[in-house]
Every structure is written in structure tokens, then in C-alpha cells.
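What's in data29.pdb: PDB, C-alpha atoms
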```
ATOM      1  CA  MET M  93      54.558  70.707  29.842
ATOM      2  CA  ARG M  94      52.929  71.249  33.220
ATOM      3  CA  LYS M  95      49.342  70.623  34.061
ATOM      4  CA  GLY M  96      48.637  72.959  36.934
ATOM      5  CA  LYS M  97      51.365  72.084  39.396
ATOM      6  CA  GLY M  98      51.863  68.617  37.901
ATOM      7  CA  ILE M  99      54.894  67.080  36.278
ATOM      8  CA  LYS M 100      56.402  68.195  32.989
ATOM      9  CA  ARG M 101      55.803  65.782  30.144
ATOM     10  CA  SER M 102      59.556  65.635  29.473
ATOM     11  CA  THR M 103      60.203  64.795  33.137
ATOM     12  CA  LEU M 104      57.532  62.091  33.081
ATOM     13  CA  VAL M 105      59.012  60.514  29.943
ATOM     14  CA  ARG M 106      62.519  60.607  31.421
ATOM     15  CA  ASP M 107      61.505  59.158  34.792
ATOM     16  CA  PHE M 108      59.331  56.472  33.216
ATOM     17  CA  GLY M 109      62.224  55.422  30.993
ATOM     18  CA  ALA M 110      64.584  55.260  33.991
ATOM     19  CA  PHE M 111      62.069  53.215  36.005
ATOM     20  CA  LYS M 112      61.546  50.807  33.123
ATOM     21  CA  ALA M 113      65.306  50.385  32.702
ATOM     22  CA  MET M 114      65.647  49.684  36.423
ATOM     23  CA  LEU M 115      63.039  46.923  36.233
ATOM     24  CA  ASN M 116      64.752  45.473  33.153
ATOM     25  CA  PHE M 117      67.990  45.350  35.127
ATOM     26  CA  ALA M 118      66.183  43.543  37.959
ATOM     27  CA  THR M 119      65.282  40.720  35.559
ATOM     28  CA  GLN M 120      68.946  40.022  34.811
ATOM     29  CA  PRO M 121      70.825  37.391  36.865
ATOM     30  CA  LEU M 122      73.357  38.919  39.223
ATOM     31  CA  LYS M 123      76.812  37.582  39.910
ATOM     32  CA  GLY M 124      76.667  34.994  42.672
ATOM     33  CA  VAL M 125      72.844  34.892  42.662
ATOM     34  CA  ASN M 126      70.912  32.000  41.144
ATOM     35  CA  GLU M 127      67.651  33.773  40.492
ATOM     36  CA  PRO M 128      67.123  37.374  39.337
ATOM     37  CA  ILE M 129      65.066  39.669  41.533
ATOM     38  CA  LEU M 130      62.254  39.697  38.968
ATOM     39  CA  LYS M 131      61.353  36.992  36.464
ATOM     40  CA  VAL M 132      59.811  39.493  34.102
ATOM     41  CA  ASN M 133      59.471  43.251  33.866
ATOM     42  CA  PRO M 134      55.801  43.882  34.752
ATOM     43  CA  ILE M 135      55.664  47.030  32.607
ATOM     44  CA  LYS M 136      57.743  45.706  29.701
ATOM     45  CA  SER M 137      54.967  46.161  27.135
ATOM     46  CA  PHE M 138      53.507  49.294  28.684
ATOM     47  CA  THR M 139      53.995  52.694  27.027
ATOM     48  CA  LEU M 140      52.895  56.165  28.016
ATOM     49  CA  PRO M 141      49.631  57.299  26.403
ATOM     50  CA  ALA M 142      49.978  59.623  23.433
ATOM     51  CA  LEU M 143      49.262  63.310  23.942
ATOM     52  CA  THR M 144      45.773  64.497  23.134
ATOM     53  CA  ILE M 145      45.359  67.292  20.577
ATOM     54  CA  LYS M 146      44.769  69.737  23.431
ATOM     55  CA  GLU M 147      47.921  68.570  25.231
ATOM     56  CA  GLN M 148      49.915  68.858  22.006
ATOM     57  CA  ASP M 149      48.726  72.452  21.568
ATOM     58  CA  GLU M 150      49.607  73.269  25.172
ATOM     59  CA  LEU M 151      53.047  71.680  24.781
ATOM     60  CA  GLU M 152      53.678  73.658  21.588
ATOM     61  CA  ALA M 153      52.663  76.907  23.323
ATOM     62  CA  HIS M 154      54.918  76.052  26.264
ATOM     63  CA  ASN M 155      57.896  75.342  23.977
ATOM     64  CA  GLU M 156      57.261  78.571  22.079
ATOM     65  CA  LYS M 157      57.357  80.492  25.355
ATOM     66  CA  LEU M 158      60.655  78.849  26.279
ATOM     67  CA  SER M 159      61.991  79.653  22.825
ATOM     68  CA  HIS M 160      61.337  83.373  23.316
ATOM     69  CA  GLN M 161      63.024  83.270  26.725
ATOM     70  CA  ARG M 162      66.211  82.236  24.910
ATOM     71  CA  ASP M 163      66.173  85.310  22.681
ATOM     72  CA  ILE M 164      68.938  87.901  23.025
ATOM     73  CA  PHE M 165      67.917  90.903  25.125
ATOM     74  CA  SER M 166      66.985  93.952  23.093
ATOM     75  CA  GLN M 167      68.909  97.168  23.706
ATOM     76  CA  GLU M 168      65.794  98.535  25.404
ATOM     77  CA  VAL M 169      65.679  95.647  27.877
ATOM     78  CA  LYS M 170      69.412  95.964  28.574
ATOM     79  CA  GLN M 171      68.971  99.675  29.315
ATOM     80  CA  GLN M 172      65.992  98.920  31.557
ATOM     81  CA  ILE M 173      68.032  96.401  33.561
ATOM     82  CA  HIS M 174      70.939  98.821  34.022
ATOM     83  CA  ALA M 175      68.520 101.606  34.979
ATOM     84  CA  GLY M 176      66.762  99.323  37.466
ATOM     85  CA  LEU M 177      70.043  98.369  39.148
ATOM     86  CA  ALA M 178      71.154 102.016  39.361
ATOM     87  CA  LEU M 179      67.803 103.111  40.817
ATOM     88  CA  TYR M 180      67.781 100.223  43.281
ATOM     89  CA  SER M 181      71.296 101.156  44.406
ATOM     90  CA  GLU M 182      70.243 104.768  44.966
ATOM     91  CA  LYS M 183      67.085 103.658  46.791
ATOM     92  CA  LEU M 184      69.120 101.565  49.242
ATOM     93  CA  LYS M 185      71.559 104.413  49.858
ATOM     94  CA  ARG M 186      68.697 106.852  50.427
ATOM     95  CA  GLN M 187      67.018 104.477  52.887
ATOM     96  CA  ARG M 188      70.285 104.018  54.800
ATOM     97  CA  ARG M 189      70.837 107.805  55.027
ATOM     98  CA  SER M 190      67.349 108.123  56.464
ATOM     99  CA  SER M 191      67.975 105.373  59.027
ATOM    100  CA  ILE M 192      71.224 106.984  60.161
ATOM    101  CA  ALA M 193      69.557 110.379  60.436
ATOM    102  CA  HIS M 194      66.835 108.866  62.627
ATOM    103  CA  GLY M 195      69.078 107.521  65.359
ATOM    104  CA  LYS M 196      70.770 104.461  63.839
ATOM    105  CA  SER M 197      74.251 105.968  63.663
ATOM    106  CA  HIS M 198      75.860 102.524  64.123
ATOM    107  CA  LEU M 199      74.854 101.542  60.582
ATOM    108  CA  VAL M 200      77.385 101.740  57.757
ATOM    109  CA  ASN M 201      76.922 104.655  55.389
ATOM    110  CA  LEU M 202      76.390 103.185  51.924
ATOM    111  CA  ASP M 203      77.062 106.334  49.904
ATOM    112  CA  ASN M 204      80.708 105.582  49.217
ATOM    113  CA  LEU M 205      80.236 101.889  48.404
ATOM    114  CA  THR M 206      80.291 100.622  44.835
ATOM    115  CA  TYR M 207      77.712  97.983  45.721
ATOM    116  CA  PRO M 208      75.277  98.869  48.543
ATOM    117  CA  HIS M 209      73.802  95.355  48.388
ATOM    118  CA  TRP M 210      75.078  91.876  47.494
ATOM    119  CA  PHE M 211      72.357  91.402  44.867
ATOM    120  CA  ILE M 212      73.917  94.004  42.549
ATOM    121  CA  PRO M 213      77.269  92.207  41.975
ATOM    122  CA  PHE M 214      75.323  88.908  42.078
ATOM    123  CA  CYS M 215      73.217  90.168  39.158
ATOM    124  CA  HIS M 216      76.237  91.389  37.210
ATOM    125  CA  ILE M 217      77.976  88.015  37.587
ATOM    126  CA  ALA M 218      74.865  86.258  36.254
ATOM    127  CA  ARG M 219      74.784  88.686  33.331
ATOM    128  CA  LEU M 220      78.473  88.356  32.472
ATOM    129  CA  THR M 221      78.926  84.601  32.936
ATOM    130  CA  GLY M 222      75.553  82.948  32.343
ATOM    131  CA  MET M 223      75.999  81.067  35.624
ATOM    132  CA  ARG M 224      73.031  79.426  37.302
ATOM    133  CA  PRO M 225      71.931  81.273  40.476
ATOM    134  CA  SER M 226      72.624  78.140  42.550
ATOM    135  CA  ASP M 227      76.244  78.153  41.384
ATOM    136  CA  ILE M 228      76.708  81.851  42.167
ATOM    137  CA  TYR M 229      75.402  81.255  45.697
ATOM    138  CA  ALA M 230      77.949  78.461  46.136
ATOM    139  CA  LEU M 231      80.934  80.474  44.870
ATOM    140  CA  LYS M 232      83.867  80.907  47.221
ATOM    141  CA  TRP M 233      86.790  83.283  46.945
ATOM    142  CA  GLU M 234      88.956  80.202  46.621
ATOM    143  CA  ASN M 235      87.298  79.555  43.236
ATOM    144  CA  LEU M 236      89.135  82.606  41.866
ATOM    145  CA  LEU M 237      92.643  81.495  40.998
ATOM    146  CA  PHE M 238      95.341  83.928  39.906
ATOM    147  CA  ASN M 239      98.149  82.736  37.635
ATOM    148  CA  GLN M 240     101.162  84.985  38.196
ATOM    149  CA  PHE M 241     102.874  83.762  35.025
ATOM    150  CA  SER M 242     100.001  84.729  32.707
ATOM    151  CA  ASP M 243      98.748  87.564  34.929
ATOM    152  CA  GLN M 244      95.287  86.044  34.499
ATOM    153  CA  THR M 245      92.541  85.235  36.995
ATOM    154  CA  THR M 246      90.336  82.211  36.283
ATOM    155  CA  LEU M 247      87.056  81.255  37.931
ATOM    156  CA  ILE M 248      87.111  77.484  38.416
ATOM    157  CA  PHE M 249      84.130  75.566  39.807
ATOM    158  CA  THR M 250      81.990  72.470  39.306
ATOM    159  CA  PRO M 251      78.304  73.220  38.603
ATOM    160  CA  SER M 252      76.083  72.002  41.439
ATOM    161  CA  LYS M 253      73.728  70.403  38.909
ATOM    162  CA  THR M 254      76.404  67.958  37.756
ATOM    163  CA  LYS M 255      78.646  67.796  40.828
ATOM    164  CA  LYS M 256      77.513  64.275  41.764
ATOM    165  CA  ALA M 257      77.558  62.925  38.218
ATOM    166  CA  GLU M 258      80.365  60.603  37.121
ATOM    167  CA  ASN M 259      81.118  62.771  34.083
ATOM    168  CA  SER M 260      81.007  66.092  35.933
ATOM    169  CA  ARG M 261      83.377  68.696  34.548
ATOM    170  CA  LYS M 262      84.956  71.801  35.972
ATOM    171  CA  ILE M 263      84.199  75.135  34.379
ATOM    172  CA  LYS M 264      87.204  77.370  33.770
ATOM    173  CA  PHE M 265      85.970  80.885  33.112
ATOM    174  CA  PRO M 266      88.470  83.695  32.372
ATOM    175  CA  VAL M 267      87.940  86.688  34.651
ATOM    176  CA  THR M 268      88.708  89.814  32.664
ATOM    177  CA  GLY M 269      87.295  93.245  31.881
ATOM    178  CA  GLU M 270      83.990  94.107  33.527
ATOM    179  CA  LEU M 271      83.717  90.752  35.301
ATOM    180  CA  LYS M 272      87.086  91.327  37.009
ATOM    181  CA  HIS M 273      85.950  94.823  37.973
ATOM    182  CA  VAL M 274      82.833  93.356  39.635
ATOM    183  CA  PHE M 275      84.785  90.776  41.649
ATOM    184  CA  ASP M 276      87.461  93.298  42.642
ATOM    185  CA  GLY M 277      84.883  95.899  43.625
ATOM    186  CA  TRP M 278      82.937  93.465  45.780
ATOM    187  CA  ALA M 279      86.113  92.049  47.343
ATOM    188  CA  ALA M 280      87.205  95.553  48.330
ATOM    189  CA  GLN M 281      84.038  95.906  50.420
ATOM    190  CA  GLN M 282      84.554  92.644  52.331
ATOM    191  CA  GLU M 283      86.616  92.427  55.481
ATOM    192  CA  GLN M 284      87.594  88.802  54.846
ATOM    193  CA  ALA M 285      87.441  88.551  51.078
ATOM    194  CA  LYS M 286      90.223  85.979  50.772
ATOM    195  CA  LYS M 287      88.239  82.957  51.899
ATOM    196  CA  GLY M 288      84.747  81.572  52.280
ATOM    197  CA  LEU M 289      81.548  82.313  50.432
ATOM    198  CA  ILE M 290      81.534  85.297  48.102
ATOM    199  CA  PHE M 291      77.880  85.984  48.920
ATOM    200  CA  LYS M 292      76.613  85.266  52.431
ATOM    201  CA  SER M 293      74.036  86.497  54.882
ATOM    202  CA  GLU M 294      75.089  89.607  56.809
ATOM    203  CA  ARG M 295      72.916  88.444  59.695
ATOM    204  CA  THR M 296      74.105  84.821  60.045
ATOM    205  CA  ASN M 297      77.405  85.004  58.120
ATOM    206  CA  LYS M 298      76.307  81.754  56.454
ATOM    207  CA  SER M 299      74.798  80.721  53.118
ATOM    208  CA  LEU M 300      71.973  82.799  51.714
ATOM    209  CA  GLU M 301      68.580  81.283  51.066
ATOM    210  CA  ARG M 302      68.637  79.930  47.524
ATOM    211  CA  LYS M 303      65.834  82.156  46.250
ATOM    212  CA  ALA M 304      66.898  85.310  48.082
ATOM    213  CA  HIS M 305      67.763  87.047  44.815
ATOM    214  CA  LEU M 306      64.192  86.901  43.472
ATOM    215  CA  ARG M 307      62.820  89.525  45.882
ATOM    216  CA  HIS M 308      65.502  92.008  44.842
ATOM    217  CA  TRP M 309      65.141  91.146  41.149
ATOM    218  CA  LYS M 310      61.444  91.954  41.398
ATOM    219  CA  GLN M 311      62.234  95.415  42.769
ATOM    220  CA  VAL M 312      64.880  96.068  40.091
ATOM    221  CA  LYS M 313      62.391  95.150  37.364
ATOM    222  CA  ALA M 314      59.754  97.469  38.804
ATOM    223  CA  LEU M 315      62.183 100.393  39.141
ATOM    224  CA  GLY M 316      63.687  99.997  35.682
ATOM    225  CA  GLY M 317      60.511  99.150  33.790
ATOM    226  CA  VAL M 318      61.829  95.693  32.919
ATOM    227  CA  PRO M 319      59.074  93.374  31.583
ATOM    228  CA  GLU M 320      57.543  91.514  34.518
ATOM    229  CA  SER M 321      57.757  88.224  32.603
ATOM    230  CA  LEU M 322      61.574  88.361  32.343
ATOM    231  CA  ASP M 323      62.932  85.621  34.600
ATOM    232  CA  PHE M 324      66.283  86.031  36.338
ATOM    233  CA  TYR M 325      67.337  82.768  34.668
ATOM    234  CA  SER M 326      67.040  84.602  31.337
ATOM    235  CA  PHE M 327      70.510  86.036  32.004
ATOM    236  CA  ARG M 328      71.840  82.528  31.318
ATOM    237  CA  HIS M 329      69.802  82.213  28.127
ATOM    238  CA  ASN M 330      70.904  85.668  26.958
ATOM    239  CA  PHE M 331      74.563  84.856  27.620
ATOM    240  CA  ILE M 332      74.430  81.619  25.606
ATOM    241  CA  SER M 333      72.408  83.176  22.787
ATOM    242  CA  GLY M 334      74.844  86.080  22.587
ATOM    243  CA  LEU M 335      77.836  83.758  22.177
ATOM    244  CA  VAL M 336      75.996  81.724  19.546
ATOM    245  CA  ALA M 337      75.149  84.904  17.620
ATOM    246  CA  ARG M 338      78.829  85.930  17.636
ATOM    247  CA  GLY M 339      79.835  82.612  16.121
ATOM    248  CA  VAL M 340      81.604  81.135  19.155
ATOM    249  CA  PRO M 341      81.963  77.338  18.628
ATOM    250  CA  VAL M 342      79.204  75.353  20.335
ATOM    251  CA  LEU M 343      81.647  73.141  22.241
ATOM    252  CA  THR M 344      83.440  76.221  23.589
ATOM    253  CA  ILE M 345      80.111  77.629  24.824
ATOM    254  CA  ALA M 346      79.215  74.265  26.370
ATOM    255  CA  GLY M 347      82.488  74.308  28.309
ATOM    256  CA  LEU M 348      81.816  77.817  29.626
ATOM    257  CA  VAL M 349      78.283  77.093  30.850
ATOM    258  CA  GLY M 350      78.762  73.536  32.127
ATOM    259  CA  HIS M 351      77.052  71.411  29.472
ATOM    260  CA  LYS M 352      78.562  67.980  28.896
ATOM    261  CA  ASP M 353      78.354  68.497  25.119
ATOM    262  CA  GLY M 354      76.891  70.890  22.570
ATOM    263  CA  SER M 355      73.649  68.999  21.840
ATOM    264  CA  MET M 356      71.400  71.088  24.096
ATOM    265  CA  ILE M 357      72.777  74.354  22.689
ATOM    266  CA  ALA M 358      72.498  73.103  19.111
ATOM    267  CA  ALA M 359      68.890  72.034  19.675
ATOM    268  CA  ASN M 360      67.680  75.171  21.451
ATOM    269  CA  TYR M 361      69.915  78.126  20.634
ATOM    270  CA  LEU M 362      71.002  77.759  17.005
ATOM    271  CA  ARG M 363      68.019  79.718  15.732
ATOM    272  CA  HIS M 364      67.708  82.657  13.358
ATOM    273  CA  ASP M 365      64.912  85.177  13.155
ATOM    274  CA  GLU M 366      62.942  85.675   9.946
ATOM    275  CA  GLN M 367      64.808  88.856   9.042
ATOM    276  CA  ASN M 368      68.177  87.097   9.176
ATOM    277  CA  ILE M 369      66.862  84.220   7.066
ATOM    278  CA  ALA M 370      65.413  86.623   4.492
ATOM    279  CA  SER M 371      68.704  88.536   4.278
ATOM    280  CA  PHE M 372      70.677  85.338   3.903
ATOM    281  CA  LEU M 373      68.414  84.038   1.115
ATOM    282  CA  GLU M 374      68.531  87.369  -0.698
ATOM    283  CA  GLU M 375      72.346  87.474  -0.570
ATOM    284  CA  THR M 376      72.520  83.876  -1.767
ATOM    285  CA  ASN M 377      70.200  84.533  -4.694
ATOM    286  CA  LEU M 378      72.115  87.668  -5.726
ATOM    287  CA  SER M 379      75.393  85.791  -5.579
ATOM    288  CA  TRP M 380      73.955  83.028  -7.768
ATOM    289  CA  SER M 381      72.667  85.576 -10.293
ATOM    290  CA  ASP M 382      76.054  87.309 -10.485
ATOM    291  CA  LYS M 383      77.883  84.055 -11.177
ATOM    292  CA  ASN M 384      75.521  83.139 -14.004
ATOM    293  CA  GLY M 385      75.526  86.570 -15.605
ATOM    294  CA  THR M 386      71.780  86.990 -15.278
ATOM    295  CA  ARG M 387      71.902  90.244 -13.423
TER     296      ARG M 387
END
```
Would you write out, as C-alpha cells, the structure that this file holds?
Amino acid sequence: MRKGKGIKRSTLVRDFGAFKAMLNFATQPLKGVNEPILKVNPIKSFTLPALTIKEQDELEAHNEKLSHQRDIFSQEVKQQIHAGLALYSEKLKRQRRSSIAHGKSHLVNLDNLTYPHWFIPFCHIARLTGMRPSDIYALKWENLLFNQFSDQTTLIFTPSKTKKAENSRKIKFPVTGELKHVFDGWAAQQEQAKKGLIFKSERTNKSLERKAHLRHWKQVKALGGVPESLDFYSFRHNFISGLVARGVPVLTIAGLVGHKDGSMIAANYLRHDEQNIASFLEETNLSWSDKNGTR
């Protein structure tokens, strides 16, 4: 939980635990050294103060908000997102036609392009893979590997969040259907689509600024009537929640989204709404009644 622009409670607990463990390590004798760095851990008996009632309420409200962000998009929201992307695409094409008509004939006409802006395929990739924005920015064409024997393309990459960790794992994501159409469509618009970054600045030909997508996402939401509170990161939550709802094994989902195990998904995504619970209980009770001949 944040206080203003302070530190999350979970972050504070984690960092305090790591600091305490570091000091404990410093009290242990090292190989080839007679005396340890510290004789005693100065904060050995110190613990973080318990949350006040107000802080507990704020933490509960914060967790409830996060819980709703992990819900599956409603059909209405999905339609709003698609409408926003289509309207944004048309807006960009209309603006380019106007620029060309007013003396900027050197500019490329966008009317015949599938994607008039990099953000549109960027958004579709987030929607179809649940990838973190930072990982989409870092994608290179070399991450798309085609196996001629299986006639299958696979997206292989190491998430930036775990790249430096000892137990980092590569994600192997099958590129089929709509996702393949997005990559192929965007590649067809690039002059050198065989190497380098998949998304890069047209001005500098280098990496995009890591929050560049947010400005375009804001415009898409406004055009499509998407709820203002819907974060771009919710595409990741929606992707995971959708797989959970379809009964995909937790460990399989973890492998697709770059989690080291299924604990985080099990703790945060294995939820059912009240209607599903009520239906399940009703079916269970009816089944029990049938077996006992009481119906």
C-alpha cells in the first residue's frame, strides 16, 4: 500500500527482510577471516510496527482495487478497445492525408497500411500474449524463430524483469492465428524487418522511450469510450485470467507469462465470482439430492 508517493507496504517488508538477512550474514565468520564484519546484528530483535486500523483499511481497499484489475474484460470493454484502435487508426490516416494535401508530399500515405502507427500492433501483441510492455519494447525480430520441420514460429525471449536472476527462464510462446497475422502485417511494413528491434523510433531508429505507449493508449481509450481507469497493464491481467478461466494448468500459464512457478497465479487469479459459486453449489446440492432419492 502506498502512502502518497511513499513505499508500498509489501516492498517495505521485503526490503527490510533482505536488509536484516544481509546483516545476519555479516555476523558469520568468513573463510580466511578471523573475525566477522559484525559481532551482532544491530536490528536482530527489531520488527516493523503493526499496521494501524486505518492502514489496514487502506491496504484492504488497495488489494480490492488490484483484484478488480485482474478481472476478465467484459464484452463491452473488448468492443470499446477494438473501436478505439480502429478510430485511432482512421484519425492518424486522416491527419496524414491533410498534411500531404497541405504541402508535405514527402510523407508516406498511410491509407494503404495495415498499421498506421507502431502502437497498434504493440497493443495487439500485449492483448494476445500478456507480455509486459518493457518486454515488447525489447523484442527483436531475431526472437521470432521459425521451425521448418513443424512449420511453426515461436517467440522466444527472456523477460527483462528476471533476466539478471540466476533462475531466469526463457519464454517460448507459439505464434499462431491472430498473433502471427499481427507480426506478419507489421513486418511487411518494415524495410529491414529481418533484424533489430521490432518497435523503434522513426526519428532516431533506436529504442523507444519506455512509456511511449501510454500517450497513445490514452487517446485510444478516449476515442473508444474505454474506462479511464483501465491500465494498459490490464492486458496482462486479462490474458492470465482468461487462461485460468479456460482451465489451462497453472504451471503452463506461468511458463507463458514468465513466472518462476504458479504460486502468484494461484494466489491472485484463481478466483470465482459469486454467480459461479452459487451455480456450483446449486449443481452440487441437486446432484446430492438425486443420489439419495430425495428429489
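A straight line drawn from atom CA of Arg261 of chain M to atom CA of Leu104 of chain M is 26.7 Å long.
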- prompt: Given the file above and the PyMOL selection byres ((chain M and resi 199-205) around 10), which residues are selected, and can you give them as number ranges by chain?
  reply: M: 181-182, 184-189, 191-192, 195-198, 206-209, 277-278, 280-281
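Using all atoms listed in the file, the nearest neighbour of Leu220 of chain M within the list M:Leu335, M:Leu237, M:Ala193, M:Val312 is M:Leu335.
Neighbours of Val267 of chain M closer than or equal to 12 Å, with all atoms listed in the file counted and sequence neighbours fewer than 6 positions away skipped, come out as Ile217, Leu220, Thr221, Asn235, Leu236, Leu237, Phe238, Asn239, Asp243, Gln244, Thr245, Thr246, Leu247, Ile248, His273, Val274, Phe275, Asp276 and Leu348 of chain M.
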I need the residues from that last selection saved to file as a CSV table (one decimal), keeping the file's coordinate frame (with C-alpha atoms), if you can.
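again-v7.csv, written as the output of this step:
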```
chain,number,residue,atom,x,y,z
M,217,ILE,CA,78.0,88.0,37.6
M,220,LEU,CA,78.5,88.4,32.5
M,221,THR,CA,78.9,84.6,32.9
M,235,ASN,CA,87.3,79.6,43.2
M,236,LEU,CA,89.1,82.6,41.9
M,237,LEU,CA,92.6,81.5,41.0
M,238,PHE,CA,95.3,83.9,39.9
M,239,ASN,CA,98.1,82.7,37.6
M,243,ASP,CA,98.7,87.6,34.9
M,244,GLN,CA,95.3,86.0,34.5
M,245,THR,CA,92.5,85.2,37.0
M,246,THR,CA,90.3,82.2,36.3
M,247,LEU,CA,87.1,81.3,37.9
M,248,ILE,CA,87.1,77.5,38.4
M,273,HIS,CA,86.0,94.8,38.0
M,274,VAL,CA,82.8,93.4,39.6
M,275,PHE,CA,84.8,90.8,41.6
M,276,ASP,CA,87.5,93.3,42.6
M,348,LEU,CA,81.8,77.8,29.6
```
query: Could you list as a ChimeraX atom specification every residue that has an atom within 6 Å of (76.1, 78.7, 49.6), using the file's coordinates and counting all atoms listed in the file?
result: /M:229-230,299
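The space between atom CA of Met114 of chain M and atom CA of Ile135 of chain M spans 11.0 Å.
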Tell me which residues come within 10 Å of (63.2, 96.0, 44.0), as a PDB file with C-alpha atoms, in the coordinates of the input, counting only C-alpha atoms in the file's coordinates.
```pdb
ATOM      1  CA  GLY M 176      66.762  99.323  37.466  1.00  0.00           C
ATOM      2  CA  LEU M 177      70.043  98.369  39.148  1.00  0.00           C
ATOM      3  CA  LEU M 179      67.803 103.111  40.817  1.00  0.00           C
ATOM      4  CA  TYR M 180      67.781 100.223  43.281  1.00  0.00           C
ATOM      5  CA  SER M 181      71.296 101.156  44.406  1.00  0.00           C
ATOM      6  CA  LYS M 183      67.085 103.658  46.791  1.00  0.00           C
ATOM      7  CA  LEU M 184      69.120 101.565  49.242  1.00  0.00           C
ATOM      8  CA  LEU M 306      64.192  86.901  43.472  1.00  0.00           C
ATOM      9  CA  ARG M 307      62.820  89.525  45.882  1.00  0.00           C
ATOM     10  CA  HIS M 308      65.502  92.008  44.842  1.00  0.00           C
ATOM     11  CA  TRP M 309      65.141  91.146  41.149  1.00  0.00           C
ATOM     12  CA  LYS M 310      61.444  91.954  41.398  1.00  0.00           C
ATOM     13  CA  GLN M 311      62.234  95.415  42.769  1.00  0.00           C
ATOM     14  CA  VAL M 312      64.880  96.068  40.091  1.00  0.00           C
ATOM     15  CA  LYS M 313      62.391  95.150  37.364  1.00  0.00           C
ATOM     16  CA  ALA M 314      59.754  97.469  38.804  1.00  0.00           C
ATOM     17  CA  LEU M 315      62.183 100.393  39.141  1.00  0.00           C
ATOM     18  CA  GLY M 316      63.687  99.997  35.682  1.00  0.00           C
TER      19      GLY M 316
END
```
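Shortest separation to Phe324 of chain M among M:Ser252, M:Thr139, M:Ser226, M:Thr296 occurs at residue M:Ser226, atoms counted being only C-alpha atoms.
The space separating atom CA of Thr268 of chain M from atom CA of Ser242 of chain M comes to 12.4 Å.
Checking M:Phe111, M:Phe211, M:Phe138, M:Phe117 one by one against Ser293 of chain M, counting all atoms listed in the file, you find the shortest gap at M:Phe211.
Residue neighbourhood of Val340 of chain M, excluding near-sequence residues (fewer than 5 positions): Phe331, Ile332, Ser333, Gly334, Leu335, Ile345, Ala346, Gly347, Leu348, Gly354, Ile357 and Leu362 of chain M, at 12 Å, using all atoms listed in the file.
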Put the listed atoms of segment 207-214 of chain M in a box along x, y and z with 6 Å added on every side and give me the centre and edge lengths in Å to one decimal, as lines of an AutoDock Vina configuration file.
```
center_x = 75.0
center_y = 93.9
center_z = 45.3
size_x = 17.4
size_y = 22.0
size_z = 18.6
```
message: When you count all atoms listed in the file, which of these residues is closest to His329 of chain M: M:Asp163, M:Glu294, M:Glu283, M:Asp353?
response: M:Asp163
- prompt: Which residue, M:Lys131, M:His194, M:Lys123, M:His351, has the smallest gap to Lys253 of chain M when you use all atoms listed in the file?
  reply: M:His351
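You can rank M:Ala359, M:Ile145, M:Ala178, M:Leu115 by their closest distance to Asn133 of chain M using only C-alpha atoms, and at the top of that list sits M:Leu115.
Using all atoms listed in the file, the contacts of Leu231 of chain M at a cut-off of 8 Å, with sequence neighbours closer than 6 positions omitted, comprise Phe249, Leu289, Ile290 and Phe291 of chain M.
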Can you take the partial segment 286-301 of chain M, add N, CA and C atoms, and return it as an mmCIF file, keeping the file's coordinate frame?
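Everything below was put into selection_25.cif:
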```cif
data_model
loop_
_atom_site.group_PDB
_atom_site.id
_atom_site.type_symbol
_atom_site.label_atom_id
_atom_site.label_comp_id
_atom_site.auth_asym_id
_atom_site.auth_seq_id
_atom_site.Cartn_x
_atom_site.Cartn_y
_atom_site.Cartn_z
ATOM 1 N N LYS M 286 89.268 86.950 51.285
ATOM 2 C CA LYS M 286 90.223 85.979 50.772
ATOM 3 C C LYS M 286 89.745 84.542 50.920
ATOM 4 N N LYS M 287 88.698 84.331 51.695
ATOM 5 C CA LYS M 287 88.239 82.957 51.899
ATOM 6 C C LYS M 287 86.740 82.929 52.165
ATOM 7 N N GLY M 288 86.173 81.756 51.995
ATOM 8 C CA GLY M 288 84.747 81.572 52.280
ATOM 9 C C GLY M 288 83.839 82.011 51.144
ATOM 10 N N LEU M 289 82.550 81.986 51.430
ATOM 11 C CA LEU M 289 81.548 82.313 50.432
ATOM 12 C C LEU M 289 81.670 83.752 49.953
ATOM 13 N N ILE M 290 81.487 83.949 48.660
ATOM 14 C CA ILE M 290 81.534 85.297 48.102
ATOM 15 C C ILE M 290 80.268 86.064 48.472
ATOM 16 N N PHE M 291 79.142 85.361 48.513
ATOM 17 C CA PHE M 291 77.880 85.984 48.920
ATOM 18 C C PHE M 291 77.313 85.212 50.111
ATOM 19 N N LYS M 292 77.148 85.914 51.231
ATOM 20 C CA LYS M 292 76.613 85.266 52.431
ATOM 21 C C LYS M 292 75.746 86.238 53.209
ATOM 22 N N SER M 293 74.957 85.691 54.092
ATOM 23 C CA SER M 293 74.036 86.497 54.882
ATOM 24 C C SER M 293 74.804 87.399 55.855
ATOM 25 N N GLU M 294 74.463 88.687 55.864
ATOM 26 C CA GLU M 294 75.089 89.607 56.809
ATOM 27 C C GLU M 294 74.653 89.295 58.239
ATOM 28 N N ARG M 295 73.469 88.717 58.360
ATOM 29 C CA ARG M 295 72.916 88.444 59.695
ATOM 30 C C ARG M 295 73.523 87.189 60.312
ATOM 31 N N THR M 296 73.620 86.096 59.514
ATOM 32 C CA THR M 296 74.105 84.821 60.045
ATOM 33 C C THR M 296 75.541 84.507 59.642
ATOM 34 N N ASN M 297 76.070 85.250 58.653
ATOM 35 C CA ASN M 297 77.405 85.004 58.120
ATOM 36 C C ASN M 297 77.509 83.628 57.473
ATOM 37 N N LYS M 298 76.345 83.069 57.094
ATOM 38 C CA LYS M 298 76.307 81.754 56.454
ATOM 39 C C LYS M 298 75.654 81.878 55.080
ATOM 40 N N SER M 299 75.373 80.732 54.465
ATOM 41 C CA SER M 299 74.798 80.721 53.118
ATOM 42 C C SER M 299 73.475 81.464 53.066
ATOM 43 N N LEU M 300 73.249 82.132 51.945
ATOM 44 C CA LEU M 300 71.973 82.799 51.714
ATOM 45 C C LEU M 300 70.931 81.784 51.292
ATOM 46 N N GLU M 301 69.681 82.122 51.536
ATOM 47 C CA GLU M 301 68.580 81.283 51.066
ATOM 48 C C GLU M 301 68.598 81.282 49.549
#
```
